Amino acid sequence: MRVPALACRASLRNAALRNADTVACKRTFASYTLPTHRQAHGQNHQRTSRAAEWQSQRRWQSGAAAAVQEAAVHDPTALSQEAIVENLDPQEAARLDKVRNIGIAAHIDSGKTTATERVLFYTGRIKDIHEVRGRDAVGAKMDSMDLEREKGITIQSAATFCDWVKKNPDPVTGEMKEEKYHINLIDTPGHIDFTIEVERALRVLDGAVMILCAVSGVQSQTVTVDRQMRRYNIPRISFVNKMDRAGANPWKAIDGINQKLKIPAAALQVPIGMEDEFKGVVDLIRMRAVYSEGENGEVIREDEVPEDIREFAQEKRRKLIETLADVDDEIANAFLDERTPSPLEIKAAIRRATIALKFSPVLMGSALADKSVQPMLDAVCDFLPNPAEVENLALDRKRAEAPVKLVSYSSLPFVGLAFKLEESNFGQLTYIRVYQGKLRKGAHVTNARTGNKVKIPRIVRMHSNEMEDVQEIGAGEICAVFGIDCASGDTFADGSINYSMTSMFVPDPVISLSIQPKQTKDTPNFSKAMSRFQREDPTFRVHVDNESGESIISGMGELHLSIYVERMKREYGVEVITGQPQVAYRETMTQHVPFDYLLKKQTGGAGDYARVIGYMEPTGELGGNEFKQEVIGGTISEKYLFACDKGFQASCIEGPMLGHKVIGTRMIVNDGATHMTDSSELAFRTATMHAFRQAFRQGQPQVLEPLMKTVITAPNEFQGNIVGLLNKRNAAINDTEIGADDFVLTADCSLNAMFGFSSQLRAASQGKGEFSMEFSHYAAAPPQLQRELVAKHERERAERHKR
């Protein structure tokens, strides 16, 4: 049930009047400087009236916040975002209306960092434009790490903020007036190895700009980014970049968004000229030509639509209205009435449909050529939501984790999420998104995970690797704080409430390396580096192998781990030795096997006795494992069955074949026996583990290897060489898309077979090919490889026993 605005306001006023504070009123009146008796007679009444009105408004506002908060706590589904926005303090509403929290995400080399550099230049945050690879020994502002500038890739997401002055028509007079928008922006990496950076950025943002290459259109990582945006319900605008490149075709990109990403999309612009003749765009909403002029495209000039593309622009405008009619009722009614909607109606419909995740407006330009980036900034302000329009839920731990809607009012108790950690010269830097209330310097907040109360000693706004100190941050903003000990994904709240927010999705690592410092004296720095990297990156894992005693690092790919090895050398001066990458294999069984295992030990005192009877079988899906008990008659008590479950789960962590995790296996215990004095929980746990190993080996076990969805892009003349490379690796080629110059090949390939592929691909394509991998699924390894892996594991175990 939705809360009607009028009823909500009535209850707010009543609550406010009941809580009227006469003492506060007296203080308010006392704060006025009283004039002389002659002046007072004429002015006193007017000032008293003004003060009373101000005090009444303040009481109403605090009552409004309290009533909305109460509705958010008790029935979050009934409280609509419209009701939250309607009851905002007018001053707070004006502030939030001009705030945008956005991320820039795309496939590798689509121009994310280049576009961000232009955004910072046009908003006045930086004075000069520098290119990504740092050819001028400076590099892009958002790529602050030396490694990023050397390799020309983004490794860590970087946050910044800027103010964009936009011209908006006055709703009454129609005259254009300037309005300032505050944009918090996060530039994310494109490589799948650094996918966690995209995940945590999208977790806390309200909207995103998805950049596509005008030549390649929707690519493999574009699909991954789209999936991440859907996971966190992020509205997006699409920007087709590189319009000045040979072979640029924005309509291919728009078709890809509609067909591959399955989200309705239509162009808001038509290019004026293509490839090296790209000059500007036609704004289809206002039907005006927009040109970027000046040395760096900083001068925007508008003109009439050129005659040679006027008809084409009219056709694309009709297509835009038709697409909007499918996703917006008001445009649909105008379409059915055969009435052409006004520019204001079209803009309002695009905003509604975009925020409702039903539509993605598409703009186009070239960041590198300094063309049409400013209209994209205008679209961010026009079509992406402000923080008050986005629904955010938390869990109230005082009420059995019941869902609570967070309300972006600065007057309510503080709630914020720590979404990223970074080590700096001043200690740990924690990035926080404030969802509700205000975060003030010197305030005490509580970590919901640990229950620890911490003081906020310093708050900064980040501009890549630079920072600006602030005293407080309001609801809907992003900041960073120093001096608090926490983990990525921790919720911080005011001491009066105990809310916890859901963290971001963290994918499992797919590749491992053994690692050790070259020199023993570097061990302390090695440990510091490992500890810091784990805190910063949840996909970077470190553990010590129980049998070999080696330190094992795990991550999302070869590049991911090589970057951390390089950072260890540069930032900590630690040279390391890395071993052969270990693939995250899995084990499973393929047949139904009954078991009857008796554990019976007598050592003079109380012994061990446990008998478990049942069967093991595959679940049919390569997913989780299941333990079930079907004991009838109470032959095994509940506490012993619980111990059996623990024994089964412990056995699944290290399989009998290779010591890797077991998946897709079910164990059913349906009978057993106990002894009055010798039975114990430990005995039944041990008996279950023995029964598991015995049955698993009899159930025709299989080694499963991770198959990676591999997408290769290269010029057409190298297609034969690259297909030959994949055939040698027994890859299953799923799709080949041949374009004018390049081809895109999609295949499923064993991760084990892909080691060293990057250097061979460069050799086979004269350095022009590129590829990306992400985990697809597990499948049975070839029989020969299974035998080799099992034999190798047995040899290693035998050698350890000799020692």
# chains A, B, ... in the order shown; residues from 1 in each chain; ligands from 1
call {"tool": "select_by_dssp", "arguments": {"residues": "segment 120-273 of chain A", "states": "strand (DSSP E or B)", "output": "NGL selection string"}}
result
:A and (158-169 or 176-187 or 207-213 or 217 or 236-241 or 265-267 or 269-272)
call {"tool": "write_last_selection", "arguments": {"atoms": "N, CA and C atoms", "output": "compact mmCIF listing (two decimals), in the first residue's frame"}}
result
# COMPACT_ATOMS: atom_id res chain seq x y z
N ALA A 158 39.04 5.06 -9.85
CA ALA A 158 39.44 6.33 -9.24
C ALA A 158 38.22 7.23 -9.13
N ALA A 159 38.08 7.89 -7.98
CA ALA A 159 36.93 8.76 -7.74
C ALA A 159 37.34 10.21 -7.87
N THR A 160 36.41 11.02 -8.35
CA THR A 160 36.63 12.46 -8.40
C THR A 160 35.28 13.16 -8.29
N PHE A 161 35.29 14.47 -8.25
CA PHE A 161 34.05 15.24 -8.22
C PHE A 161 34.26 16.50 -9.04
N CYS A 162 33.20 17.00 -9.62
CA CYS A 162 33.30 18.21 -10.44
C CYS A 162 31.93 18.89 -10.49
N ASP A 163 31.91 20.14 -10.91
CA ASP A 163 30.67 20.90 -11.05
C ASP A 163 30.46 21.24 -12.52
N TRP A 164 29.28 20.93 -13.02
CA TRP A 164 28.95 21.20 -14.42
C TRP A 164 27.83 22.23 -14.48
N VAL A 165 28.11 23.33 -15.15
CA VAL A 165 27.11 24.39 -15.31
C VAL A 165 26.32 24.11 -16.58
N LYS A 166 25.03 23.85 -16.42
CA LYS A 166 24.15 23.48 -17.53
C LYS A 166 23.08 24.54 -17.73
N LYS A 167 22.74 24.79 -18.97
CA LYS A 167 21.67 25.74 -19.27
C LYS A 167 20.35 25.00 -19.38
N ASN A 168 19.39 25.40 -18.54
CA ASN A 168 18.05 24.80 -18.53
C ASN A 168 17.01 25.86 -18.84
N PRO A 169 15.94 25.50 -19.59
CA PRO A 169 14.88 26.48 -19.85
C PRO A 169 14.05 26.72 -18.60
N MET A 176 16.59 30.62 -21.09
CA MET A 176 17.64 29.71 -20.65
C MET A 176 18.38 30.31 -19.44
N LYS A 177 18.51 29.52 -18.39
CA LYS A 177 19.24 29.98 -17.21
C LYS A 177 20.25 28.92 -16.81
N GLU A 178 21.35 29.37 -16.22
CA GLU A 178 22.43 28.46 -15.86
C GLU A 178 22.18 27.84 -14.48
N GLU A 179 22.39 26.51 -14.39
CA GLU A 179 22.26 25.80 -13.12
C GLU A 179 23.48 24.92 -12.92
N LYS A 180 23.98 24.90 -11.68
CA LYS A 180 25.20 24.15 -11.39
C LYS A 180 24.85 22.77 -10.83
N TYR A 181 25.40 21.71 -11.44
CA TYR A 181 25.21 20.33 -10.98
C TYR A 181 26.53 19.81 -10.39
N HIS A 182 26.41 19.12 -9.27
CA HIS A 182 27.58 18.52 -8.62
C HIS A 182 27.63 17.04 -9.00
N ILE A 183 28.73 16.63 -9.64
CA ILE A 183 28.85 15.26 -10.13
C ILE A 183 29.97 14.54 -9.39
N ASN A 184 29.62 13.44 -8.71
CA ASN A 184 30.63 12.52 -8.15
C ASN A 184 30.83 11.42 -9.19
N LEU A 185 32.07 11.24 -9.63
CA LEU A 185 32.33 10.36 -10.77
C LEU A 185 33.39 9.33 -10.41
N ILE A 186 33.16 8.08 -10.83
CA ILE A 186 34.15 7.01 -10.63
C ILE A 186 34.49 6.41 -11.99
N ASP A 187 35.78 6.43 -12.32
CA ASP A 187 36.27 5.83 -13.56
C ASP A 187 36.70 4.40 -13.23
N GLY A 207 23.75 6.00 -11.03
CA GLY A 207 23.61 5.92 -12.48
C GLY A 207 24.96 5.66 -13.11
N ALA A 208 24.98 5.39 -14.41
CA ALA A 208 26.24 5.08 -15.08
C ALA A 208 26.20 5.54 -16.53
N VAL A 209 27.40 5.78 -17.06
CA VAL A 209 27.57 6.02 -18.49
C VAL A 209 28.27 4.80 -19.06
N MET A 210 27.58 4.08 -19.95
CA MET A 210 28.18 2.90 -20.59
C MET A 210 28.75 3.35 -21.93
N ILE A 211 30.05 3.22 -22.07
CA ILE A 211 30.71 3.68 -23.30
C ILE A 211 30.91 2.50 -24.24
N LEU A 212 30.59 2.72 -25.52
CA LEU A 212 30.77 1.69 -26.54
C LEU A 212 31.66 2.25 -27.64
N CYS A 213 32.41 1.37 -28.28
CA CYS A 213 33.24 1.78 -29.40
C CYS A 213 32.38 1.81 -30.65
N GLY A 217 31.17 -1.78 -31.44
CA GLY A 217 29.82 -1.92 -30.88
C GLY A 217 29.83 -2.62 -29.54
N ARG A 236 21.27 3.62 -16.95
CA ARG A 236 22.45 4.03 -17.69
C ARG A 236 22.10 4.82 -18.95
N ILE A 237 23.01 5.74 -19.30
CA ILE A 237 22.97 6.31 -20.64
C ILE A 237 24.14 5.71 -21.40
N SER A 238 24.00 5.57 -22.71
CA SER A 238 25.05 4.97 -23.52
C SER A 238 25.72 6.05 -24.37
N PHE A 239 27.04 5.98 -24.44
CA PHE A 239 27.80 6.96 -25.22
C PHE A 239 28.64 6.20 -26.24
N VAL A 240 28.33 6.38 -27.53
CA VAL A 240 29.09 5.72 -28.59
C VAL A 240 30.31 6.59 -28.89
N ASN A 241 31.47 6.10 -28.48
CA ASN A 241 32.71 6.85 -28.59
C ASN A 241 33.45 6.49 -29.89
N ALA A 265 16.76 0.82 -26.72
CA ALA A 265 17.66 1.97 -26.83
C ALA A 265 17.40 2.68 -28.14
N ALA A 266 17.59 3.99 -28.14
CA ALA A 266 17.43 4.79 -29.36
C ALA A 266 18.36 5.98 -29.27
N ALA A 267 18.78 6.45 -30.44
CA ALA A 267 19.71 7.57 -30.51
C ALA A 267 19.00 8.87 -30.18
N GLN A 269 20.87 11.51 -30.81
CA GLN A 269 21.66 12.35 -31.70
C GLN A 269 21.92 11.63 -33.01
N VAL A 270 22.21 12.40 -34.05
CA VAL A 270 22.62 11.88 -35.35
C VAL A 270 23.96 12.54 -35.68
N PRO A 271 24.96 11.77 -36.13
CA PRO A 271 26.27 12.38 -36.41
C PRO A 271 26.24 13.27 -37.65
N ILE A 272 27.00 14.34 -37.60
CA ILE A 272 27.20 15.19 -38.78
C ILE A 272 28.57 14.80 -39.33
call {"tool": "select_by_dssp", "arguments": {"residues": "segment 315-543 of chain A", "states": "alpha helix (DSSP H)", "output": "ChimeraX atom specification"}}
result
/A:315-327,329-336,343-355,374-383,523-536
call {"tool": "residues_around", "arguments": {"residues": "Thr116 of chain A", "least_positions_apart": "5", "cutoff": "12 Å", "atoms": "only C-alpha atoms", "output": "ChimeraX atom specification"}}
result
/A:102-105,110-111,121-123,125-126,129-132,140-143,154,157-162,183-188,209,211,367-368,370,373-374,376-377,463-464
call {"tool": "closest_residue", "arguments": {"among": "A:Ile321, A:Asp742, A:Met676, A:Phe359", "to": "Ser342 of chain A", "atoms": "only C-alpha atoms"}}
result
A:Ile321
call {"tool": "atom_distance", "arguments": {"atom1": "atom CA of Arg685 of chain A", "atom2": "atom CA of Ser551 of chain A"}}
result
28.8 Å
call {"tool": "closest_residue", "arguments": {"among": "A:Ser772, A:Asn333, A:Thr665, A:Asn752", "to": "Val593 of chain A", "atoms": "only C-alpha atoms"}}
result
A:Thr665
call {"tool": "closest_atom_pairs", "arguments": {"of": "segment 441-525 of chain A", "to": "segment 563-586 of chain A", "cutoff": "8 Å", "atoms": "only C-alpha atoms", "output": "JSON lines"}}
result
{"residue": "A:Pro509", "atom": "CA", "partner": "A:Ala584", "partner_atom": "CA", "distance": 7.9}
{"residue": "A:Val510", "atom": "CA", "partner": "A:Ala584", "partner_atom": "CA", "distance": 5.7}
{"residue": "A:Ile511", "atom": "CA", "partner": "A:Val583", "partner_atom": "CA", "distance": 5.1}
{"residue": "A:Ser512", "atom": "CA", "partner": "A:Gln582", "partner_atom": "CA", "distance": 4.7}
{"residue": "A:Leu513", "atom": "CA", "partner": "A:Pro581", "partner_atom": "CA", "distance": 4.4}
{"residue": "A:Ser514", "atom": "CA", "partner": "A:Gly579", "partner_atom": "CA", "distance": 4.8}
{"residue": "A:Ile515", "atom": "CA", "partner": "A:Thr578", "partner_atom": "CA", "distance": 4.5}
{"residue": "A:Gln516", "atom": "CA", "partner": "A:Ile577", "partner_atom": "CA", "distance": 5.5}
{"residue": "A:Pro517", "atom": "CA", "partner": "A:Val576", "partner_atom": "CA", "distance": 4.2}
{"residue": "A:Lys518", "atom": "CA", "partner": "A:Val576", "partner_atom": "CA", "distance": 5.0}
{"residue": "A:Gln519", "atom": "CA", "partner": "A:Glu575", "partner_atom": "CA", "distance": 7.7}
{"residue": "A:Asp522", "atom": "CA", "partner": "A:Val574", "partner_atom": "CA", "distance": 6.0}
{"residue": "A:Asn525", "atom": "CA", "partner": "A:Tyr572", "partner_atom": "CA", "distance": 6.2}
call {"tool": "write_last_selection", "arguments": {"atoms": "N, CA, C and O atoms", "output": "PDB file, in the first residue's frame"}}
result
ATOM      1  N   PRO A 509      37.960 -16.518  -7.231  1.00  0.00           N
ATOM      2  CA  PRO A 509      39.184 -16.499  -8.040  1.00  0.00           C
ATOM      3  C   PRO A 509      39.284 -17.735  -8.924  1.00  0.00           C
ATOM      4  O   PRO A 509      38.726 -18.786  -8.593  1.00  0.00           O
ATOM      5  N   VAL A 510      40.002 -17.614 -10.046  1.00  0.00           N
ATOM      6  CA  VAL A 510      40.086 -18.735 -10.989  1.00  0.00           C
ATOM      7  C   VAL A 510      41.526 -19.194 -11.227  1.00  0.00           C
ATOM      8  O   VAL A 510      41.756 -20.186 -11.904  1.00  0.00           O
ATOM      9  N   ILE A 511      42.510 -18.485 -10.697  1.00  0.00           N
ATOM     10  CA  ILE A 511      43.893 -18.849 -10.978  1.00  0.00           C
ATOM     11  C   ILE A 511      44.729 -18.604  -9.714  1.00  0.00           C
ATOM     12  O   ILE A 511      44.445 -17.689  -8.950  1.00  0.00           O
ATOM     13  N   SER A 512      45.729 -19.468  -9.502  1.00  0.00           N
ATOM     14  CA  SER A 512      46.569 -19.359  -8.300  1.00  0.00           C
ATOM     15  C   SER A 512      48.042 -19.473  -8.661  1.00  0.00           C
ATOM     16  O   SER A 512      48.396 -20.080  -9.678  1.00  0.00           O
ATOM     17  N   LEU A 513      48.887 -18.887  -7.833  1.00  0.00           N
ATOM     18  CA  LEU A 513      50.344 -18.975  -7.973  1.00  0.00           C
ATOM     19  C   LEU A 513      50.943 -19.245  -6.601  1.00  0.00           C
ATOM     20  O   LEU A 513      50.473 -18.695  -5.609  1.00  0.00           O
ATOM     21  N   SER A 514      51.978 -20.067  -6.560  1.00  0.00           N
ATOM     22  CA  SER A 514      52.732 -20.151  -5.310  1.00  0.00           C
ATOM     23  C   SER A 514      53.717 -18.985  -5.314  1.00  0.00           C
ATOM     24  O   SER A 514      54.245 -18.609  -6.363  1.00  0.00           O
ATOM     25  N   ILE A 515      53.937 -18.399  -4.151  1.00  0.00           N
ATOM     26  CA  ILE A 515      54.757 -17.190  -4.090  1.00  0.00           C
ATOM     27  C   ILE A 515      55.582 -17.177  -2.812  1.00  0.00           C
ATOM     28  O   ILE A 515      55.113 -17.641  -1.760  1.00  0.00           O
ATOM     29  N   GLN A 516      56.808 -16.692  -2.923  1.00  0.00           N
ATOM     30  CA  GLN A 516      57.658 -16.543  -1.743  1.00  0.00           C
ATOM     31  C   GLN A 516      58.706 -15.462  -2.019  1.00  0.00           C
ATOM     32  O   GLN A 516      59.094 -15.250  -3.170  1.00  0.00           O
ATOM     33  N   PRO A 517      59.144 -14.730  -0.986  1.00  0.00           N
ATOM     34  CA  PRO A 517      60.164 -13.702  -1.209  1.00  0.00           C
ATOM     35  C   PRO A 517      61.508 -14.338  -1.550  1.00  0.00           C
ATOM     36  O   PRO A 517      61.844 -15.411  -1.051  1.00  0.00           O
ATOM     37  N   LYS A 518      62.269 -13.665  -2.438  1.00  0.00           N
ATOM     38  CA  LYS A 518      63.582 -14.181  -2.836  1.00  0.00           C
ATOM     39  C   LYS A 518      64.528 -14.229  -1.640  1.00  0.00           C
ATOM     40  O   LYS A 518      65.311 -15.162  -1.486  1.00  0.00           O
ATOM     41  N   GLN A 519      64.463 -13.193  -0.812  1.00  0.00           N
ATOM     42  CA  GLN A 519      65.373 -13.115   0.334  1.00  0.00           C
ATOM     43  C   GLN A 519      64.571 -13.144   1.631  1.00  0.00           C
ATOM     44  O   GLN A 519      63.533 -12.480   1.741  1.00  0.00           O
ATOM     45  N   ASP A 522      63.248 -10.022   3.499  1.00  0.00           N
ATOM     46  CA  ASP A 522      62.098  -9.279   2.979  1.00  0.00           C
ATOM     47  C   ASP A 522      60.758  -9.811   3.495  1.00  0.00           C
ATOM     48  O   ASP A 522      59.707  -9.297   3.119  1.00  0.00           O
ATOM     49  N   ASN A 525      58.133  -7.216   5.015  1.00  0.00           N
ATOM     50  CA  ASN A 525      57.509  -6.390   3.982  1.00  0.00           C
ATOM     51  C   ASN A 525      56.576  -7.213   3.096  1.00  0.00           C
ATOM     52  O   ASN A 525      55.534  -6.730   2.651  1.00  0.00           O
TER      53      ASN A 525
END
call {"tool": "residues_around", "arguments": {"residues": "Gln314 of chain A", "least_positions_apart": "6", "cutoff": "12 Å", "atoms": "only C-alpha atoms", "output": "PDB file with N, CA and C atoms, in the first residue's frame"}}
result
ATOM      1  N   ALA A 267      18.783   6.446 -30.443  1.00  0.00           N
ATOM      2  CA  ALA A 267      19.712   7.572 -30.507  1.00  0.00           C
ATOM      3  C   ALA A 267      19.001   8.872 -30.181  1.00  0.00           C
ATOM      4  N   LEU A 268      19.652   9.724 -29.377  1.00  0.00           N
ATOM      5  CA  LEU A 268      19.179  11.084 -29.139  1.00  0.00           C
ATOM      6  C   LEU A 268      19.891  12.059 -30.076  1.00  0.00           C
ATOM      7  N   GLN A 269      20.873  11.510 -30.809  1.00  0.00           N
ATOM      8  CA  GLN A 269      21.664  12.355 -31.702  1.00  0.00           C
ATOM      9  C   GLN A 269      21.924  11.627 -33.013  1.00  0.00           C
ATOM     10  N   VAL A 270      22.209  12.400 -34.048  1.00  0.00           N
ATOM     11  CA  VAL A 270      22.620  11.880 -35.348  1.00  0.00           C
ATOM     12  C   VAL A 270      23.958  12.541 -35.678  1.00  0.00           C
ATOM     13  N   VAL A 282      23.536  16.158 -34.356  1.00  0.00           N
ATOM     14  CA  VAL A 282      22.231  16.818 -34.376  1.00  0.00           C
ATOM     15  C   VAL A 282      21.459  16.347 -33.150  1.00  0.00           C
ATOM     16  N   ASP A 283      21.017  17.282 -32.325  1.00  0.00           N
ATOM     17  CA  ASP A 283      20.191  16.965 -31.161  1.00  0.00           C
ATOM     18  C   ASP A 283      18.775  16.694 -31.661  1.00  0.00           C
ATOM     19  N   LEU A 284      18.327  15.425 -31.568  1.00  0.00           N
ATOM     20  CA  LEU A 284      17.032  15.049 -32.130  1.00  0.00           C
ATOM     21  C   LEU A 284      15.861  15.564 -31.302  1.00  0.00           C
ATOM     22  N   ILE A 285      16.083  15.882 -30.038  1.00  0.00           N
ATOM     23  CA  ILE A 285      14.973  16.386 -29.207  1.00  0.00           C
ATOM     24  C   ILE A 285      14.634  17.815 -29.627  1.00  0.00           C
ATOM     25  N   ARG A 286      15.665  18.647 -29.787  1.00  0.00           N
ATOM     26  CA  ARG A 286      15.438  20.062 -30.135  1.00  0.00           C
ATOM     27  C   ARG A 286      15.628  20.331 -31.623  1.00  0.00           C
ATOM     28  N   MET A 287      16.127  19.319 -32.371  1.00  0.00           N
ATOM     29  CA  MET A 287      16.425  19.454 -33.807  1.00  0.00           C
ATOM     30  C   MET A 287      17.350  20.647 -34.047  1.00  0.00           C
ATOM     31  N   ARG A 288      18.501  20.607 -33.362  1.00  0.00           N
ATOM     32  CA  ARG A 288      19.537  21.618 -33.538  1.00  0.00           C
ATOM     33  C   ARG A 288      20.879  20.918 -33.766  1.00  0.00           C
ATOM     34  N   VAL A 305      19.987  22.505 -38.575  1.00  0.00           N
ATOM     35  CA  VAL A 305      20.371  21.162 -39.028  1.00  0.00           C
ATOM     36  C   VAL A 305      20.754  21.238 -40.516  1.00  0.00           C
ATOM     37  N   PRO A 306      21.926  20.707 -40.906  1.00  0.00           N
ATOM     38  CA  PRO A 306      22.325  20.740 -42.319  1.00  0.00           C
ATOM     39  C   PRO A 306      21.273  20.072 -43.212  1.00  0.00           C
ATOM     40  N   GLU A 307      21.079  20.633 -44.392  1.00  0.00           N
ATOM     41  CA  GLU A 307      20.033  20.159 -45.307  1.00  0.00           C
ATOM     42  C   GLU A 307      20.229  18.694 -45.692  1.00  0.00           C
ATOM     43  N   ASP A 308      21.508  18.282 -45.892  1.00  0.00           N
ATOM     44  CA  ASP A 308      21.747  16.931 -46.414  1.00  0.00           C
ATOM     45  C   ASP A 308      21.402  15.820 -45.422  1.00  0.00           C
ATOM     46  N   LEU A 320      12.971   7.443 -32.379  1.00  0.00           N
ATOM     47  CA  LEU A 320      13.113   7.708 -30.942  1.00  0.00           C
ATOM     48  C   LEU A 320      11.742   7.757 -30.278  1.00  0.00           C
ATOM     49  N   ILE A 321      10.788   8.489 -30.879  1.00  0.00           N
ATOM     50  CA  ILE A 321       9.442   8.616 -30.291  1.00  0.00           C
ATOM     51  C   ILE A 321       8.736   7.264 -30.275  1.00  0.00           C
TER      52      ILE A 321
END
call {"tool": "residues_around", "arguments": {"residues": "Pro507 of chain A", "least_positions_apart": "2", "cutoff": "8 Å", "atoms": "only C-alpha atoms", "output": "ChimeraX atom specification"}}
result
/A:196,505,509,539
call {"tool": "write_last_selection", "arguments": {"atoms": "C-alpha atoms", "output": "compact mmCIF listing (two decimals), in the first residue's frame"}}
result
# COMPACT_ATOMS: atom_id res chain seq x y z
CA ILE A 196 35.74 -6.14 -8.47
CA PHE A 505 29.04 -9.41 -5.25
CA PRO A 509 39.18 -16.50 -8.04
CA THR A 539 39.19 -10.95 -5.20
